[in-house]
file input.csv (CSV, C-alpha atoms)
chain,number,residue,atom,x,y,z
A,1290,MET,CA,211.0,49.3,188.6
A,1291,ARG,CA,210.7,52.8,187.2
A,1292,LEU,CA,210.3,51.5,183.7
A,1293,ASN,CA,209.4,54.0,180.9
A,1294,TYR,CA,207.0,53.4,178.1
A,1295,PRO,CA,205.9,55.8,175.4
A,1296,SER,CA,203.6,58.5,176.7
A,1297,ASN,CA,201.3,58.2,173.7
A,1298,VAL,CA,199.9,55.0,175.1
A,1299,LYS,CA,196.8,55.8,177.0
A,1300,ILE,CA,195.6,53.1,179.4
A,1301,ILE,CA,192.0,52.2,179.9
A,1302,ASN,CA,191.5,49.9,182.8
A,1303,VAL,CA,189.1,47.0,182.5
A,1304,PRO,CA,188.5,44.3,185.2
A,1305,CYS,CA,189.4,41.6,182.6
A,1306,THR,CA,190.1,41.7,178.9
A,1307,GLY,CA,186.9,39.6,178.6
A,1308,ARG,CA,185.1,42.9,179.2
A,1309,VAL,CA,186.6,44.5,176.1
A,1310,ASP,CA,183.9,44.6,173.4
A,1311,ILE,CA,184.2,44.9,169.6
A,1312,LEU,CA,182.5,48.3,169.9
A,1313,HIS,CA,185.1,49.6,172.4
A,1314,LEU,CA,187.8,48.9,169.9
A,1315,LEU,CA,185.9,50.2,166.9
A,1316,LYS,CA,184.8,53.4,168.7
A,1317,ALA,CA,188.5,54.1,169.5
A,1318,VAL,CA,189.4,53.7,165.8
A,1319,GLU,CA,186.3,55.8,164.8
A,1320,ASP,CA,187.3,58.6,167.1
A,1321,GLY,CA,190.7,58.7,165.5
A,1322,ALA,CA,193.1,56.5,167.6
A,1323,ASP,CA,196.1,55.5,165.4
A,1324,GLY,CA,196.1,52.1,167.0
A,1325,VAL,CA,194.5,50.1,169.8
A,1326,TYR,CA,195.9,47.1,171.6
A,1327,VAL,CA,194.5,44.9,174.3
A,1328,ALA,CA,197.0,43.8,177.0
A,1329,GLY,CA,195.6,40.6,178.5
A,1330,CYS,CA,196.9,38.0,180.9
A,1331,LEU,CA,198.8,35.0,179.5
A,1332,GLU,CA,196.7,32.4,177.8
A,1333,GLY,CA,195.7,29.8,180.3
A,1334,ASP,CA,196.2,32.3,183.2
A,1335,CYS,CA,192.8,34.1,183.1
A,1336,HIS,CA,191.3,34.5,186.5
A,1337,TYR,CA,187.9,34.3,184.8
A,1338,LEU,CA,189.2,31.3,182.8
A,1339,THR,CA,188.5,32.5,179.2
A,1340,GLY,CA,188.4,36.3,179.3
A,1341,ASN,CA,191.6,36.8,177.4
A,1342,LEU,CA,190.7,34.2,174.8
A,1343,LYS,CA,187.4,36.0,174.2
A,1344,ALA,CA,189.3,39.3,173.8
A,1345,LYS,CA,191.6,37.7,171.3
A,1346,LYS,CA,188.6,36.6,169.2
A,1347,ARG,CA,187.1,40.0,169.3
A,1348,VAL,CA,190.4,41.6,168.3
A,1349,ASN,CA,190.5,39.3,165.4
A,1350,TYR,CA,186.9,40.2,164.5
A,1351,VAL,CA,187.8,43.9,164.5
A,1352,LYS,CA,190.9,43.2,162.3
A,1353,LYS,CA,188.5,41.6,159.8
A,1354,VAL,CA,186.1,44.6,159.9
A,1355,LEU,CA,189.1,46.9,159.3
A,1356,GLU,CA,190.3,44.8,156.4
A,1357,GLY,CA,186.8,44.9,154.9
A,1358,ILE,CA,186.9,48.7,154.8
A,1359,GLY,CA,190.4,48.9,153.5
A,1360,MET,CA,192.2,49.9,156.7
A,1361,GLU,CA,195.3,48.2,158.1
A,1362,PRO,CA,194.3,45.4,160.5
A,1363,GLU,CA,197.7,45.8,162.2
A,1364,ARG,CA,196.3,48.9,163.9
A,1365,VAL,CA,194.5,46.6,166.3
A,1366,GLU,CA,196.3,43.9,168.3
A,1367,MET,CA,196.1,41.5,171.2
A,1368,TYR,CA,199.1,41.0,173.5
A,1369,ASN,CA,199.4,38.7,176.4
A,1370,MET,CA,201.6,39.2,179.4
A,1371,SER,CA,201.6,38.4,183.1
A,1372,ALA,CA,200.8,41.2,185.6
A,1373,ALA,CA,204.3,40.6,187.0
A,1374,GLU,CA,206.0,41.3,183.7
A,1375,GLY,CA,206.5,45.1,183.9
A,1376,ALA,CA,209.4,45.1,181.6
A,1377,ARG,CA,207.4,43.1,179.0
A,1378,PHE,CA,204.6,45.6,179.3
A,1379,ALA,CA,206.9,48.5,178.6
A,1380,GLU,CA,208.5,46.5,175.7
A,1381,ILE,CA,205.1,45.9,174.1
A,1382,ALA,CA,204.1,49.5,174.5
A,1383,ARG,CA,207.3,50.5,172.6
A,1384,GLU,CA,206.9,47.7,170.0
A,1385,PHE,CA,203.3,48.7,169.2
A,1386,THR,CA,204.1,52.4,169.1
A,1387,GLN,CA,206.9,51.6,166.7
A,1388,ARG,CA,204.5,49.6,164.5
A,1389,ILE,CA,201.9,52.4,164.5
A,1390,GLN,CA,204.6,55.0,163.7
A,1391,GLU,CA,205.6,53.0,160.7
A,1392,LEU,CA,201.9,52.8,159.6
A,1393,GLY,CA,201.5,56.5,160.1
A,1394,PRO,CA,198.6,58.5,161.4
A,1395,SER,CA,195.1,57.0,161.2
A,1396,PRO,CA,193.5,57.6,157.8
A,1397,VAL,CA,190.3,58.4,159.8
A,1398,ARG,CA,192.0,61.6,161.0
A,1399,SER,CA,193.8,62.4,157.8
A,1400,GLY,CA,190.6,61.7,155.8
A,1401,ALA,CA,188.6,64.1,158.1
A,1402,LYS,CA,191.3,66.8,157.6
A,1403,ALA,CA,191.2,66.4,153.8
A,1404,ALA,CA,187.4,67.0,153.8
B,803,MET,CA,164.4,31.1,164.0
B,804,VAL,CA,165.2,32.8,160.7
B,805,VAL,CA,169.0,32.8,160.4
B,806,ALA,CA,170.7,35.6,158.5
B,807,GLU,CA,174.2,36.9,158.1
B,808,GLN,CA,175.5,40.3,157.5
B,809,LYS,CA,176.4,41.2,153.9
B,810,PRO,CA,180.0,41.9,153.2
B,811,ILE,CA,180.8,45.4,154.4
B,812,GLU,CA,182.2,46.3,151.0
B,813,GLU,CA,178.7,45.6,149.5
B,814,ILE,CA,177.0,47.8,152.1
B,815,LEU,CA,179.5,50.6,151.5
B,816,VAL,CA,178.6,50.6,147.8
B,817,MET,CA,174.9,50.8,148.8
B,818,VAL,CA,175.5,53.9,150.9
B,819,ALA,CA,178.2,55.5,148.6
B,820,ASP,CA,175.9,58.4,147.6
B,821,PHE,CA,174.3,59.0,151.0
B,822,ASN,CA,175.2,61.4,153.8
B,823,LYS,CA,172.6,60.5,156.4
B,824,VAL,CA,171.0,57.2,156.9
B,825,LEU,CA,168.9,55.4,159.5
B,826,LEU,CA,170.2,52.0,160.4
B,827,THR,CA,167.5,49.8,161.8
B,828,GLY,CA,168.0,46.5,163.8
B,829,CYS,CA,165.5,43.9,164.9
B,830,LYS,CA,165.1,42.3,168.3
B,831,GLY,CA,163.7,39.1,166.9
B,832,CYS,CA,165.5,36.2,165.2
B,833,VAL,CA,168.4,38.2,164.0
B,834,THR,CA,169.3,39.3,167.5
B,835,VAL,CA,169.3,35.7,168.6
B,836,CYS,CA,171.6,34.7,165.7
B,837,CYS,CA,173.8,37.7,166.4
B,838,SER,CA,173.4,39.3,162.9
B,839,GLY,CA,171.1,42.3,163.3
B,840,GLY,CA,170.4,43.2,166.9
B,841,GLN,CA,171.2,46.3,168.7
B,842,LYS,CA,174.9,45.3,169.1
B,843,GLU,CA,175.4,44.5,165.4
B,844,VAL,CA,173.7,47.7,164.5
B,845,GLY,CA,176.3,49.6,166.6
B,846,ILE,CA,179.2,47.6,165.1
B,847,LEU,CA,178.0,48.2,161.5
B,848,ALA,CA,177.3,51.8,162.1
B,849,SER,CA,180.8,52.3,163.6
B,850,ALA,CA,182.5,50.4,160.7
B,851,LEU,CA,180.7,52.4,158.1
B,852,LYS,CA,181.5,55.7,159.8
B,853,ILE,CA,185.2,54.7,160.0
B,854,ALA,CA,185.2,53.8,156.3
B,855,ARG,CA,183.6,57.1,155.3
B,856,LYS,CA,185.8,59.2,157.6
B,857,LYS,CA,188.8,57.6,156.0
B,858,GLU,CA,187.5,58.7,152.6
B,859,GLY,CA,187.1,62.2,154.0
B,860,ARG,CA,183.4,62.4,153.6
B,861,GLU,CA,181.6,61.5,156.8
B,862,ILE,CA,178.3,59.8,157.0
B,863,GLU,CA,175.7,60.4,159.7
B,864,ILE,CA,174.1,57.2,160.9
B,865,ASP,CA,171.2,57.1,163.4
B,866,GLU,CA,170.6,53.8,165.0
B,867,ILE,CA,167.3,52.2,166.1
B,868,THR,CA,166.5,48.6,166.9
B,869,LEU,CA,162.8,47.7,166.7
B,870,GLU,CA,161.1,45.0,168.7
B,871,ARG,CA,160.4,43.3,165.4
B,872,GLN,CA,160.5,44.5,161.8
B,873,CYS,CA,157.9,41.9,160.7
B,874,ASP,CA,155.0,43.5,162.5
B,875,PRO,CA,153.5,46.8,161.2
B,876,GLU,CA,152.9,48.1,164.8
B,877,TYR,CA,156.6,48.2,165.4
B,878,VAL,CA,157.6,49.4,162.0
B,879,ASP,CA,155.2,52.4,162.7
B,880,GLN,CA,157.8,53.5,165.4
B,881,LEU,CA,160.0,54.6,162.5
B,882,GLU,CA,157.5,57.3,161.6
B,883,GLU,CA,158.9,60.0,163.9
B,884,PRO,CA,162.6,59.6,163.1
B,885,ILE,CA,161.9,59.4,159.4
B,886,ALA,CA,159.6,62.4,159.5
B,887,SER,CA,161.9,64.6,161.5
B,888,ASN,CA,165.2,63.7,159.8
B,889,LYS,CA,166.1,64.0,156.2
B,890,TYR,CA,167.5,60.5,155.7
B,891,ASP,CA,168.8,59.6,152.3
B,892,ALA,CA,167.9,56.0,153.0
B,893,VAL,CA,166.9,53.4,155.6
B,894,LEU,CA,169.1,50.4,156.0
B,895,SER,CA,167.6,47.3,157.6
B,896,MET,CA,169.5,44.7,159.6
B,897,ALA,CA,166.4,42.4,159.8
B,898,CYS,CA,165.8,39.3,157.7
B,899,SER,CA,164.4,40.3,154.3
B,900,VAL,CA,160.9,40.7,155.7
B,901,GLY,CA,162.0,43.8,157.6
B,902,PRO,CA,163.2,46.0,154.7
B,903,GLN,CA,160.0,45.0,152.7
B,904,TYR,CA,157.8,46.1,155.6
B,905,ILE,CA,159.7,49.4,155.9
B,906,ALA,CA,159.4,49.9,152.2
B,907,LYS,CA,155.7,49.2,152.3
B,908,ARG,CA,155.1,51.5,155.2
B,909,TYR,CA,157.3,54.4,154.0
B,910,GLU,CA,156.7,54.7,150.3
B,911,ASP,CA,159.0,57.6,149.6
B,912,ILE,CA,162.3,56.5,151.1
B,913,LEU,CA,164.9,54.2,149.8
B,914,VAL,CA,165.4,51.0,151.7
B,915,TYR,CA,168.4,48.7,151.7
B,916,PRO,CA,169.0,45.2,153.2
B,917,CYS,CA,172.2,44.7,155.2
B,918,LEU,CA,171.7,41.0,155.8
B,919,ASN,CA,171.5,38.0,153.6
B,920,THR,CA,168.6,35.8,154.9
B,921,THR,CA,170.0,32.3,154.9
B,922,PHE,CA,167.7,29.7,156.4
B,923,ILE,CA,165.3,28.5,159.1
B,924,GLY,CA,167.5,26.8,161.7
B,925,GLY,CA,168.9,26.7,165.1
B,926,ALA,CA,172.1,27.0,167.1
B,927,LEU,CA,174.4,24.0,167.2
B,928,GLU,CA,176.6,25.8,169.7
B,929,HIS,CA,177.4,29.5,170.5
B,930,GLY,CA,178.3,31.1,167.1
B,931,VAL,CA,177.3,28.1,164.9
B,932,TRP,CA,173.9,27.8,163.3
B,933,ALA,CA,172.5,25.1,160.9
B,934,GLU,CA,169.5,24.6,158.7
B,935,PHE,CA,166.7,22.5,160.1
B,936,CYS,CA,163.5,23.4,158.2
B,937,GLN,CA,162.7,24.4,154.6
B,938,ALA,CA,159.1,25.5,155.4
B,939,CYS,CA,157.6,23.0,153.0
B,940,GLY,CA,154.2,23.7,154.6
B,941,SER,CA,153.3,20.1,155.5
B,942,CYS,CA,155.5,18.7,158.2
B,943,GLY,CA,156.0,15.0,158.2
B,944,ILE,CA,159.1,14.6,160.3
B,945,HIS,CA,157.3,12.1,162.6
B,946,ASN,CA,157.8,9.6,159.8
B,947,PHE,CA,161.5,10.1,159.9
B,948,GLY,CA,162.4,9.9,163.6
B,949,ALA,CA,161.5,13.6,164.0
B,950,LEU,CA,164.4,14.6,161.7
B,951,CYS,CA,163.7,16.4,158.5
B,952,PRO,CA,165.1,14.8,155.3
B,953,ILE,CA,163.8,17.7,153.2
B,954,ALA,CA,166.0,20.4,154.9
B,955,ARG,CA,168.8,18.2,156.1
B,956,CYS,CA,169.4,15.8,153.2
B,957,ALA,CA,171.4,17.4,150.4
B,958,LYS,CA,169.0,15.7,147.9
B,959,SER,CA,165.9,16.1,150.0
B,960,LEU,CA,165.4,12.3,149.6
B,961,MET,CA,162.2,10.9,151.0
B,962,ASN,CA,163.6,7.4,150.9
B,963,GLY,CA,167.2,7.3,151.9
B,964,PRO,CA,170.1,7.1,152.4
B,965,CYS,CA,171.7,7.4,149.0
B,966,GLY,CA,175.0,6.0,147.9
B,967,GLY,CA,176.8,9.1,149.0
B,968,SER,CA,176.4,8.3,152.7
B,969,ALA,CA,179.6,7.1,154.3
B,970,GLY,CA,180.5,6.8,158.0
B,971,GLY,CA,177.4,8.8,159.0
B,972,LYS,CA,178.5,11.8,156.8
B,973,CYS,CA,177.2,13.1,153.5
B,974,GLU,CA,179.3,13.1,150.4
B,975,ILE,CA,178.9,16.9,150.0
B,976,SER,CA,181.1,17.6,153.1
B,977,PRO,CA,182.8,15.6,155.8
B,978,GLU,CA,181.2,18.1,158.2
B,979,THR,CA,177.7,17.4,157.1
B,980,ASP,CA,175.8,14.6,158.9
B,981,CYS,CA,173.9,12.3,156.6
B,982,VAL,CA,170.4,12.8,158.0
B,983,TRP,CA,169.3,9.4,156.7
B,984,HIS,CA,172.1,7.9,158.9
B,985,LEU,CA,170.7,9.8,161.8
B,986,ILE,CA,167.1,8.8,160.9
B,987,TYR,CA,168.2,5.1,160.8
B,988,GLU,CA,170.0,5.4,164.2
B,989,ARG,CA,167.1,7.1,165.9
B,990,MET,CA,164.4,4.8,164.5
B,991,SER,CA,166.6,1.9,165.5
B,992,ARG,CA,166.7,3.2,169.1
B,993,LEU,CA,163.0,3.7,169.0
B,994,GLY,CA,162.4,0.2,167.7
B,995,GLN,CA,160.8,1.5,164.6
B,996,LEU,CA,163.2,0.2,162.0
B,997,ASP,CA,160.4,-1.8,160.4
B,998,LYS,CA,158.8,1.5,159.4
B,999,MET,CA,161.9,2.3,157.3
B,1000,GLY,CA,160.9,-0.6,155.0
B,1001,ASN,CA,157.8,1.4,153.9
B,1002,VAL,CA,158.3,3.3,150.7
B,1003,VAL,CA,157.3,7.0,151.2
B,1004,MET,CA,155.3,8.2,148.3
B,1005,PHE,CA,155.8,11.5,146.4
B,1006,LYS,CA,155.4,14.5,148.6
B,1007,ASP,CA,152.6,16.8,147.8
B,1008,TRP,CA,154.4,20.1,147.3
B,1009,THR,CA,151.3,22.3,146.8
B,1010,SER,CA,151.7,23.5,150.4
B,1011,SER,CA,155.3,24.6,149.6
B,1012,ARG,CA,156.4,27.4,147.3
B,1013,ASP,CA,155.1,25.7,144.3
B,1014,GLY,CA,151.7,27.2,145.0
B,1015,GLY,CA,153.1,30.7,144.9
B,1016,PRO,CA,153.5,33.1,147.9
B,1017,ARG,CA,151.8,31.7,150.9
B,1018,LYS,CA,149.4,33.3,153.4
B,1019,MET,CA,148.0,32.1,156.7
B,1020,VAL,CA,144.7,33.4,158.0
B,1021,ARG,CA,143.3,32.9,161.5
B,1022,GLU,CA,139.7,34.1,161.3
B,1023,ASP,CA,139.4,34.1,165.1
B,1024,LEU,CA,142.3,36.6,165.4
B,1025,LYS,CA,141.5,38.8,162.4
B,1026,GLN,CA,140.1,42.2,163.0

call {"tool": "encode", "arguments": {"input": "input.csv", "output": "structure tokens"}}
result
Amino acid sequence: MRLNYPSNVKIINVPCTGRVDILHLLKAVEDGADGVYVAGCLEGDCHYLTGNLKAKKRVNYVKKVLEGIGMEPERVEMYNMSAAEGARFAEIAREFTQRIQELGPSPVRSGAKAA
Amino acid sequence: MVVAEQKPIEEILVMVADFNKVLLTGCKGCVTVCCSGGQKEVGILASALKIARKKEGREIEIDEITLERQCDPEYVDQLEEPIASNKYDAVLSMACSVGPQYIAKRYEDILVYPCLNTTFIGGALEHGVWAEFCQACGSCGIHNFGALCPIARCAKSLMNGPCGGSAGGKCEISPETDCVWHLIYERMSRLGQLDKMGNVVMFKDWTSSRDGGPRKMVREDLKQ
């Protein structure tokens, strides 16, 4: 398909989004990621039945944690797409990149610089 | 188990506002089981606090340690080395409120803060949901009530129920709260013990409860 998506999106492979832990997301933010999103299979299509639903709950938990410390919860997101939807994958990468660009750099990095 | 929940992170951030280095301690007992203060929750809270402080431009150093239990002096002793070899501004505890009190007693010269609100003695209804089942009154009489506790599970702690607020098996305080007296009736009915419900239960002797002040239990055979 030779589809392009923004090069700022760094992919970390997991066997299933059910493997994604709250700490994985938080550590990425802590280390200065401007945004983190989880790309899971379509709801109802999880090979392990509920992996993507568990990931969605964890993403929501992290959003609440970020809200609690005064950081934009939109910096973390859950997306669902089929493995056969390459075009959708690229579209989401562009969409999320656009969202993060509008939010600006992570205050974790700008805060560290200010110190 | 003792059920506890994490304090709002805003509250914990205020506690650590003046500190640059703290020791965050978890407990592998009850609070691990109720997913509030085990190794994992320690990691999550530490990360969240670090993010918040990095954002403000003044990082905080947080060491993490999760003890077998914080309600036993022998395990609290394990904090001696990290406390002695690090200049912590404070120790934060993610145990029930017994933990921070034990740490404060053992280490007299360091500030100790609780990160959890201890809520009740209870059990899991399902994964992620816990409910109160015991109020530690000190003289269990649930066998008189179909093995269900009216003290902890009735909003009014009625010994002779139900009251007029029971409707459709639910308590008037919330449609989500079962009327324990309804459950008692159903269970005693199933057990063929409904006749016992006719007996008036007399006043409970509360001297074994908190009314007698802080309680203590001594087992002479175990005592050193």

call {"tool": "atom_distance", "arguments": {"input": "input.csv", "atom1": "atom CA of B:Leu881", "atom2": "atom CA of B:Gly901"}}
result
12.0 Å

call {"tool": "closest_residue", "arguments": {"input": "input.csv", "among": "A:Asp1320, A:Asp1334, A:Glu1363, A:Glu1384", "to": "chain B", "atoms": "only C-alpha atoms"}}
result
A:Asp1320

call {"tool": "interface_residues", "arguments": {"input": "input.csv", "of": "chain A", "to": "chain B", "cutoff": "9 Å", "atoms": "all atoms listed in the file", "output": "ChimeraX atom specification"}}
result
/A:1311-1312,1315-1316,1318-1321,1354-1355,1357-1360,1395-1404

call {"tool": "atom_distance", "arguments": {"input": "input.csv", "atom1": "atom CA of B:Met896", "atom2": "atom CA of A:Lys1345"}}
result
26.0 Å

call {"tool": "residues_around", "arguments": {"input": "input.csv", "residues": "B:Asp980", "least_positions_apart": "3", "cutoff": "7 Å", "atoms": "all atoms listed in the file", "output": "ChimeraX atom specification"}}
result
/B:971-973

call {"tool": "residues_around", "arguments": {"input": "input.csv", "residues": "A:Val1348", "least_positions_apart": "2", "cutoff": "7 Å", "atoms": "only C-alpha atoms", "output": "list in words"}}
result
Ala1344, Lys1345, Lys1346, Tyr1350, Val1351, Lys1352, Val1365, Glu1366 and Met1367 of chain A

call {"tool": "atom_distance", "arguments": {"input": "input.csv", "atom1": "atom CA of B:Phe821", "atom2": "atom CA of B:Glu876"}}
result
27.7 Å

call {"tool": "residues_around", "arguments": {"input": "input.csv", "residues": "B:Cys836", "least_positions_apart": "3", "cutoff": "9 Å", "atoms": "only C-alpha atoms", "output": "PyMOL selection string"}}
result
chain B and resi 803-807+832-833+839-840+925-926+930-932

call {"tool": "residues_around", "arguments": {"input": "input.csv", "residues": "stretch 1291-1295 of chain A", "least_positions_apart": "4", "cutoff": "9 Å", "atoms": "only C-alpha atoms", "output": "list in words"}}
result
Gly1375, Ala1376, Phe1378, Ala1379, Glu1380, Ile1381, Ala1382, Arg1383 and Thr1386 of chain A

call {"tool": "residues_around", "arguments": {"input": "input.csv", "residues": "A:Gly1333", "least_positions_apart": "6", "cutoff": "12 Å", "atoms": "only C-alpha atoms", "output": "ChimeraX atom specification"}}
result
/A:1339-1342,1369-1371

call {"tool": "residues_near_point", "arguments": {"input": "input.csv", "point": "(160.2, 1.3, 158.5)", "cutoff": "12 Å", "atoms": "all atoms listed in the file", "output": "list in words"}}
result
His945, Asn946, Phe947, Gly948, Asn962, Gly963, Ile986, Tyr987, Arg989, Met990, Ser991, Leu993, Gly994, Gln995, Leu996, Asp997, Lys998, Met999, Gly1000, Asn1001, Val1002 and Val1003 of chain B

call {"tool": "write_last_selection", "arguments": {"input": "input.csv", "atoms": "C-alpha atoms", "output": "PDB file, in the coordinates of the input"}}
result
ATOM      1  CA  HIS B 945     157.300  12.100 162.600  1.00  0.00           C
ATOM      2  CA  ASN B 946     157.800   9.600 159.800  1.00  0.00           C
ATOM      3  CA  PHE B 947     161.500  10.100 159.900  1.00  0.00           C
ATOM      4  CA  GLY B 948     162.400   9.900 163.600  1.00  0.00           C
ATOM      5  CA  ASN B 962     163.600   7.400 150.900  1.00  0.00           C
ATOM      6  CA  GLY B 963     167.200   7.300 151.900  1.00  0.00           C
ATOM      7  CA  ILE B 986     167.100   8.800 160.900  1.00  0.00           C
ATOM      8  CA  TYR B 987     168.200   5.100 160.800  1.00  0.00           C
ATOM      9  CA  ARG B 989     167.100   7.100 165.900  1.00  0.00           C
ATOM     10  CA  MET B 990     164.400   4.800 164.500  1.00  0.00           C
ATOM     11  CA  SER B 991     166.600   1.900 165.500  1.00  0.00           C
ATOM     12  CA  LEU B 993     163.000   3.700 169.000  1.00  0.00           C
ATOM     13  CA  GLY B 994     162.400   0.200 167.700  1.00  0.00           C
ATOM     14  CA  GLN B 995     160.800   1.500 164.600  1.00  0.00           C
ATOM     15  CA  LEU B 996     163.200   0.200 162.000  1.00  0.00           C
ATOM     16  CA  ASP B 997     160.400  -1.800 160.400  1.00  0.00           C
ATOM     17  CA  LYS B 998     158.800   1.500 159.400  1.00  0.00           C
ATOM     18  CA  MET B 999     161.900   2.300 157.300  1.00  0.00           C
ATOM     19  CA  GLY B1000     160.900  -0.600 155.000  1.00  0.00           C
ATOM     20  CA  ASN B1001     157.800   1.400 153.900  1.00  0.00           C
ATOM     21  CA  VAL B1002     158.300   3.300 150.700  1.00  0.00           C
ATOM     22  CA  VAL B1003     157.300   7.000 151.200  1.00  0.00           C
TER      23      VAL B1003
END

call {"tool": "closest_residue", "arguments": {"input": "input.csv", "among": "A:Asp1323, A:Ile1301, A:Gly1393, A:Ala1372", "to": "A:His1336", "atoms": "all atoms listed in the file"}}
result
A:Ala1372
